[in-house]
Structures are given as C-alpha cells and as structure tokens.
Amino acid sequence: LWHNSCMTFQRRLTRIDRIFSELQHALNTTAGNTPAQRDNPAADGRDLEMSPEQITRSAGLMRINHTGEVCAQALYQGQALTSRNPEIRATLKSAADEEQDHLAWCEARLHELGGRKSVLNPLMYGGSFALGALSGLLGDRWNMAFLAETERQVEGHLTGHIDRLPLSDAKSRAVLAHMRNDEAAHAVTAQTHGAAEMPEPVKAAMRVGSQVMKATTYWV
C-alpha cells in the first residue's frame, strides 16, 4: 500500500512538473527568451536603402512570420505532449529546435526594422498548442500528417512572402529563404515517418486558419 501511494504521488509530481515545463516554454516563446543555436542567415547581409513604406511592409510581413514561429513552437509542444511514440517525440523535438532558431531570427529582424511583435501571440500559442495536442491524440500517422501538411503550407507561404518583400530588403529575404529550406525538410521527415494523406477539407480549413492569422497579425 505504501509503495502504491508513493508511485501515485510520484506520477502526480511528474505531471505537475510537465505542466510547469509547458507553461515556462509558452512564456519563453511569447516573451522572446528563445536564443538561436545556429548563425543568423542575415548576419552578414546588407540592406539597400528602403523607403518608409517598404520598411512598414517588411515589418508587417516579418511580424506574420514571427507569429507563425510562435505557433510552430506551440504545435510541436502539443504534438509531443500527447504522442505515445518516443521516436516521434524525438523527431518533433528536433524540428522544434530548428523552429526555435526561426523564431529568434524573425524577432531579431523585426527589431532591426523597428517593428513590434503581435499582441495576439499568446492567443495564437494557446490555440496552436491545442491543435497540436489533438493531432497527437489521433495517433502517429495523423500526427505526422498534420506536421507534413503544416510544413508544406508554410513553405508556400514563405515563398509568397519572399516575393512580396522589397527587393532592397536582403536580410529578411535571407532569413525567409533559410526557413523555407528547413520547412521543406521537416515535411519530408514527416513523410518518412509514415504520415497519412490529410483529407482535402482539413487542408482547406488549415489554409483558411492561416489566412486569418496572416491578415490579423500583419497589423495587430
């Protein structure tokens, strides 16, 4: 009886530790306490002169990308939390580490442009975490399907942003190009781990959600 009570208490402590760990990660992500592990692709770049309108456009686009990386951190945390497969959890952690670099790079570039982070980031984090946790509960194939489709859509979104950035904004373009390469690799990794094919209605819903996020965080 004593042994069983100790084991129950230990499991409760483990769950409490996990909750506090998730809360700390959320705070670090939304507050900007996430240093990059890799060199910033824009570190050696040099911008040409940009007009105030061009700077505003670049800052708005990089604010969207920063929020997108906040969402990515939340998604991966949620997916890993509910996944029962240690290999899948390790895959998600590896991808999250690279996405953490993206988050730091976007924040640094946003600061250089005189922009600010979206005030909606905590809300975006919470919603994305819930989606990731639900994805993990559906099992490995659908967990990886969600990852693969998310990364494919993000890759297309980054291509669109690179095209919309002012040609003189070399630093932002360098950051987004490097991010796009990483996202494409994450999608391939998800496929190699047995991702199912996401139904078209779900893909469409994900695209709509992404468009809403982009339209709001460009300004807010």
# chains A, B, ... in the order shown; residues from 1 in each chain; ligands from 1

call {"tool": "residues_around", "arguments": {"residues": "Ala96 (chain A)", "least_positions_apart": "6", "cutoff": "8 Å", "atoms": "only C-alpha atoms", "output": "PyMOL selection string"}}
result
chain A and resi 72-73+76

call {"tool": "write_last_selection", "arguments": {"atoms": "C-alpha atoms", "output": "PDB file, in the first residue's frame"}}
result
ATOM      1  CA  ALA A  72       5.065  26.311 -34.668  1.00  0.00           C
ATOM      2  CA  GLN A  73       6.586  26.039 -31.199  1.00  0.00           C
ATOM      3  CA  TYR A  76       5.263  20.854 -31.723  1.00  0.00           C
TER       4      TYR A  76
END

call {"tool": "residues_around", "arguments": {"residues": "Cys71 (chain A)", "least_positions_apart": "6", "cutoff": "7 Å", "atoms": "only C-alpha atoms", "output": "list of chain:residue names"}}
result
A:Met124, A:Tyr125, A:Ser128

call {"tool": "select_by_dssp", "arguments": {"residues": "region 84-148 of chain A", "states": "alpha helix (DSSP H)", "output": "NGL selection string"}}
result
:A and (86-112 or 121-137 or 140-148)

call {"tool": "closest_atom_pairs", "arguments": {"of": "region 36-139 of chain A", "to": "region 179-183 of chain A", "cutoff": "12 Å", "atoms": "only C-alpha atoms", "output": "JSON lines"}}
result
{"residue": "A:Arg38", "atom": "CA", "partner": "A:Met179", "partner_atom": "CA", "distance": 11.9}
{"residue": "A:Asn40", "atom": "CA", "partner": "A:Met179", "partner_atom": "CA", "distance": 10.6}
{"residue": "A:Pro41", "atom": "CA", "partner": "A:Met179", "partner_atom": "CA", "distance": 9.3}
{"residue": "A:Ala42", "atom": "CA", "partner": "A:Met179", "partner_atom": "CA", "distance": 11.5}
{"residue": "A:Asn65", "atom": "CA", "partner": "A:Met179", "partner_atom": "CA", "distance": 9.9}
{"residue": "A:His66", "atom": "CA", "partner": "A:Met179", "partner_atom": "CA", "distance": 11.4}
{"residue": "A:Gly68", "atom": "CA", "partner": "A:Met179", "partner_atom": "CA", "distance": 11.5}
{"residue": "A:Glu69", "atom": "CA", "partner": "A:Met179", "partner_atom": "CA", "distance": 10.1}
{"residue": "A:Ala72", "atom": "CA", "partner": "A:Glu183", "partner_atom": "CA", "distance": 10.6}
{"residue": "A:Ser94", "atom": "CA", "partner": "A:Asp182", "partner_atom": "CA", "distance": 11.3}
{"residue": "A:Ala95", "atom": "CA", "partner": "A:Asp182", "partner_atom": "CA", "distance": 8.6}
{"residue": "A:Ala96", "atom": "CA", "partner": "A:Glu183", "partner_atom": "CA", "distance": 10.9}
{"residue": "A:Asp97", "atom": "CA", "partner": "A:Asp182", "partner_atom": "CA", "distance": 11.1}
{"residue": "A:Glu98", "atom": "CA", "partner": "A:Asp182", "partner_atom": "CA", "distance": 7.5}
{"residue": "A:Glu99", "atom": "CA", "partner": "A:Met179", "partner_atom": "CA", "distance": 8.2}
{"residue": "A:Gln100", "atom": "CA", "partner": "A:Met179", "partner_atom": "CA", "distance": 10.8}
{"residue": "A:Asp101", "atom": "CA", "partner": "A:Met179", "partner_atom": "CA", "distance": 9.0}
{"residue": "A:His102", "atom": "CA", "partner": "A:Met179", "partner_atom": "CA", "distance": 6.4}
{"residue": "A:Leu103", "atom": "CA", "partner": "A:Met179", "partner_atom": "CA", "distance": 9.8}
{"residue": "A:Ala104", "atom": "CA", "partner": "A:Met179", "partner_atom": "CA", "distance": 11.5}
{"residue": "A:Trp105", "atom": "CA", "partner": "A:Met179", "partner_atom": "CA", "distance": 9.4}
{"residue": "A:Cys106", "atom": "CA", "partner": "A:Met179", "partner_atom": "CA", "distance": 9.8}

call {"tool": "residues_around", "arguments": {"residues": "Arg116 (chain A)", "least_positions_apart": "2", "cutoff": "9 Å", "atoms": "only C-alpha atoms", "output": "list in words"}}
result
Ala59, Gly60, Arg63, Glu107, Leu110, His111, Leu113, Gly114, Ser118 and Val119 of chain A

call {"tool": "residues_around", "arguments": {"residues": "region 163-165 of chain A", "least_positions_apart": "2", "cutoff": "12 Å", "atoms": "only C-alpha atoms", "output": "PyMOL selection string"}}
result
chain A and resi 50+53-62+156-161+167-177

call {"tool": "write_last_selection", "arguments": {"atoms": "N, CA and C atoms", "output": "PDB file, in the first residue's frame"}}
result
ATOM      1  N   MET A  50      15.766  51.678 -47.970  1.00  0.00           N
ATOM      2  CA  MET A  50      14.346  51.387 -48.129  1.00  0.00           C
ATOM      3  C   MET A  50      13.526  52.607 -47.730  1.00  0.00           C
ATOM      4  N   GLU A  53       7.571  53.299 -46.540  1.00  0.00           N
ATOM      5  CA  GLU A  53       6.518  52.356 -46.934  1.00  0.00           C
ATOM      6  C   GLU A  53       7.072  50.937 -47.050  1.00  0.00           C
ATOM      7  N   GLN A  54       8.272  50.809 -47.606  1.00  0.00           N
ATOM      8  CA  GLN A  54       8.891  49.491 -47.741  1.00  0.00           C
ATOM      9  C   GLN A  54       9.244  48.901 -46.377  1.00  0.00           C
ATOM     10  N   ILE A  55       9.723  49.740 -45.485  1.00  0.00           N
ATOM     11  CA  ILE A  55      10.046  49.272 -44.132  1.00  0.00           C
ATOM     12  C   ILE A  55       8.779  48.785 -43.427  1.00  0.00           C
ATOM     13  N   THR A  56       7.692  49.533 -43.576  1.00  0.00           N
ATOM     14  CA  THR A  56       6.418  49.133 -42.971  1.00  0.00           C
ATOM     15  C   THR A  56       5.956  47.789 -43.523  1.00  0.00           C
ATOM     16  N   ARG A  57       6.098  47.604 -44.831  1.00  0.00           N
ATOM     17  CA  ARG A  57       5.691  46.336 -45.449  1.00  0.00           C
ATOM     18  C   ARG A  57       6.546  45.181 -44.930  1.00  0.00           C
ATOM     19  N   SER A  58       7.856  45.387 -44.893  1.00  0.00           N
ATOM     20  CA  SER A  58       8.743  44.326 -44.403  1.00  0.00           C
ATOM     21  C   SER A  58       8.453  43.989 -42.951  1.00  0.00           C
ATOM     22  N   ALA A  59       8.238  45.009 -42.133  1.00  0.00           N
ATOM     23  CA  ALA A  59       7.958  44.765 -40.713  1.00  0.00           C
ATOM     24  C   ALA A  59       6.656  43.987 -40.542  1.00  0.00           C
ATOM     25  N   GLY A  60       5.635  44.339 -41.333  1.00  0.00           N
ATOM     26  CA  GLY A  60       4.373  43.619 -41.253  1.00  0.00           C
ATOM     27  C   GLY A  60       4.527  42.162 -41.640  1.00  0.00           C
ATOM     28  N   LEU A  61       5.279  41.900 -42.691  1.00  0.00           N
ATOM     29  CA  LEU A  61       5.486  40.523 -43.137  1.00  0.00           C
ATOM     30  C   LEU A  61       6.305  39.727 -42.123  1.00  0.00           C
ATOM     31  N   MET A  62       7.328  40.362 -41.562  1.00  0.00           N
ATOM     32  CA  MET A  62       8.146  39.651 -40.585  1.00  0.00           C
ATOM     33  C   MET A  62       7.391  39.445 -39.267  1.00  0.00           C
ATOM     34  N   GLY A 156       4.949  27.215 -48.838  1.00  0.00           N
ATOM     35  CA  GLY A 156       4.314  28.057 -49.850  1.00  0.00           C
ATOM     36  C   GLY A 156       4.103  29.476 -49.374  1.00  0.00           C
ATOM     37  N   HIS A 157       3.750  29.620 -48.116  1.00  0.00           N
ATOM     38  CA  HIS A 157       3.550  30.951 -47.537  1.00  0.00           C
ATOM     39  C   HIS A 157       4.856  31.747 -47.542  1.00  0.00           C
ATOM     40  N   LEU A 158       5.971  31.082 -47.210  1.00  0.00           N
ATOM     41  CA  LEU A 158       7.267  31.770 -47.204  1.00  0.00           C
ATOM     42  C   LEU A 158       7.673  32.191 -48.606  1.00  0.00           C
ATOM     43  N   THR A 159       7.387  31.351 -49.585  1.00  0.00           N
ATOM     44  CA  THR A 159       7.675  31.734 -50.975  1.00  0.00           C
ATOM     45  C   THR A 159       6.901  32.997 -51.347  1.00  0.00           C
ATOM     46  N   GLY A 160       5.630  33.053 -50.944  1.00  0.00           N
ATOM     47  CA  GLY A 160       4.833  34.236 -51.221  1.00  0.00           C
ATOM     48  C   GLY A 160       5.378  35.477 -50.544  1.00  0.00           C
ATOM     49  N   HIS A 161       5.870  35.332 -49.318  1.00  0.00           N
ATOM     50  CA  HIS A 161       6.421  36.483 -48.609  1.00  0.00           C
ATOM     51  C   HIS A 161       7.734  36.953 -49.226  1.00  0.00           C
ATOM     52  N   LEU A 167      12.737  44.293 -52.878  1.00  0.00           N
ATOM     53  CA  LEU A 167      13.994  43.719 -53.357  1.00  0.00           C
ATOM     54  C   LEU A 167      15.184  44.228 -52.557  1.00  0.00           C
ATOM     55  N   SER A 168      15.055  45.416 -51.988  1.00  0.00           N
ATOM     56  CA  SER A 168      16.147  46.009 -51.218  1.00  0.00           C
ATOM     57  C   SER A 168      16.281  45.400 -49.819  1.00  0.00           C
ATOM     58  N   ASP A 169      15.291  44.607 -49.391  1.00  0.00           N
ATOM     59  CA  ASP A 169      15.338  44.014 -48.051  1.00  0.00           C
ATOM     60  C   ASP A 169      16.037  42.668 -48.113  1.00  0.00           C
ATOM     61  N   ALA A 170      17.354  42.713 -48.256  1.00  0.00           N
ATOM     62  CA  ALA A 170      18.134  41.488 -48.427  1.00  0.00           C
ATOM     63  C   ALA A 170      18.138  40.626 -47.164  1.00  0.00           C
ATOM     64  N   LYS A 171      18.144  41.257 -46.008  1.00  0.00           N
ATOM     65  CA  LYS A 171      18.229  40.489 -44.760  1.00  0.00           C
ATOM     66  C   LYS A 171      16.976  39.650 -44.516  1.00  0.00           C
ATOM     67  N   SER A 172      15.818  40.254 -44.684  1.00  0.00           N
ATOM     68  CA  SER A 172      14.580  39.483 -44.482  1.00  0.00           C
ATOM     69  C   SER A 172      14.481  38.346 -45.479  1.00  0.00           C
ATOM     70  N   ARG A 173      14.881  38.603 -46.711  1.00  0.00           N
ATOM     71  CA  ARG A 173      14.825  37.560 -47.738  1.00  0.00           C
ATOM     72  C   ARG A 173      15.752  36.403 -47.390  1.00  0.00           C
ATOM     73  N   ALA A 174      16.931  36.712 -46.836  1.00  0.00           N
ATOM     74  CA  ALA A 174      17.877  35.659 -46.460  1.00  0.00           C
ATOM     75  C   ALA A 174      17.304  34.788 -45.342  1.00  0.00           C
ATOM     76  N   VAL A 175      16.666  35.428 -44.362  1.00  0.00           N
ATOM     77  CA  VAL A 175      16.069  34.681 -43.254  1.00  0.00           C
ATOM     78  C   VAL A 175      14.965  33.761 -43.760  1.00  0.00           C
ATOM     79  N   LEU A 176      14.067  34.302 -44.579  1.00  0.00           N
ATOM     80  CA  LEU A 176      12.930  33.504 -45.039  1.00  0.00           C
ATOM     81  C   LEU A 176      13.369  32.371 -45.972  1.00  0.00           C
ATOM     82  N   ALA A 177      14.390  32.609 -46.777  1.00  0.00           N
ATOM     83  CA  ALA A 177      14.872  31.552 -47.674  1.00  0.00           C
ATOM     84  C   ALA A 177      15.438  30.378 -46.872  1.00  0.00           C
TER      85      ALA A 177
END

call {"tool": "residues_around", "arguments": {"residues": "Met213 (chain A)", "least_positions_apart": "3", "cutoff": "9 Å", "atoms": "only C-alpha atoms", "output": "list in words"}}
result
Ile64, Thr67, Gly68, Met124, Val208, Gly209, Ser210, Thr216, Thr217 and Tyr218 of chain A

call {"tool": "write_last_selection", "arguments": {"atoms": "N, CA and C atoms", "output": "tab-separated table (two decimals), in the first residue's frame"}}
result
chain	number	residue	atom	x	y	z
A	64	ILE	N	4.21	38.69	-39.20
A	64	ILE	CA	3.45	37.47	-39.51
A	64	ILE	C	4.33	36.24	-39.33
A	67	THR	N	4.97	35.44	-35.67
A	67	THR	CA	3.82	34.78	-35.07
A	67	THR	C	3.69	33.35	-35.56
A	68	GLY	N	3.99	33.13	-36.83
A	68	GLY	CA	3.96	31.77	-37.36
A	68	GLY	C	4.92	30.85	-36.62
A	124	MET	N	-2.51	32.99	-30.06
A	124	MET	CA	-2.10	32.09	-31.14
A	124	MET	C	-1.39	30.86	-30.58
A	208	VAL	N	-7.47	28.28	-44.48
A	208	VAL	CA	-8.32	29.39	-44.03
A	208	VAL	C	-7.79	29.93	-42.70
A	209	GLY	N	-7.45	29.04	-41.78
A	209	GLY	CA	-6.91	29.47	-40.49
A	209	GLY	C	-5.63	30.25	-40.66
A	210	SER	N	-4.79	29.81	-41.58
A	210	SER	CA	-3.54	30.51	-41.84
A	210	SER	C	-3.79	31.91	-42.41
A	216	THR	N	-4.59	39.20	-39.67
A	216	THR	CA	-4.68	39.93	-38.39
A	216	THR	C	-3.32	40.36	-37.88
A	217	THR	N	-2.33	39.46	-37.92
A	217	THR	CA	-1.04	39.79	-37.31
A	217	THR	C	-0.21	40.73	-38.17
A	218	TYR	N	-0.57	40.94	-39.44
A	218	TYR	CA	0.15	41.94	-40.25
A	218	TYR	C	0.04	43.31	-39.59

call {"tool": "residues_around", "arguments": {"residues": "Leu81 (chain A)", "least_positions_apart": "2", "cutoff": "9 Å", "atoms": "only C-alpha atoms", "output": "list in words"}}
result
Arg18, Tyr76, Gln77, Gly78, Gln79, Ser83, Arg84, Arg89, Gly132, Ala133 and Gly136 of chain A

call {"tool": "closest_residue", "arguments": {"among": "A:Ala195, A:Ala90, A:Leu48, A:Val188", "to": "Trp142 (chain A)", "atoms": "only C-alpha atoms"}}
result
A:Ala195

call {"tool": "closest_residue", "arguments": {"among": "A:Arg109, A:Lys203, A:His193, A:His178", "to": "Arg152 (chain A)", "atoms": "only C-alpha atoms"}}
result
A:Lys203

call {"tool": "closest_residue", "arguments": {"among": "A:Val202, A:Pro166, A:Glu155, A:Ala145", "to": "Glu49 (chain A)", "atoms": "only C-alpha atoms"}}
result
A:Pro166
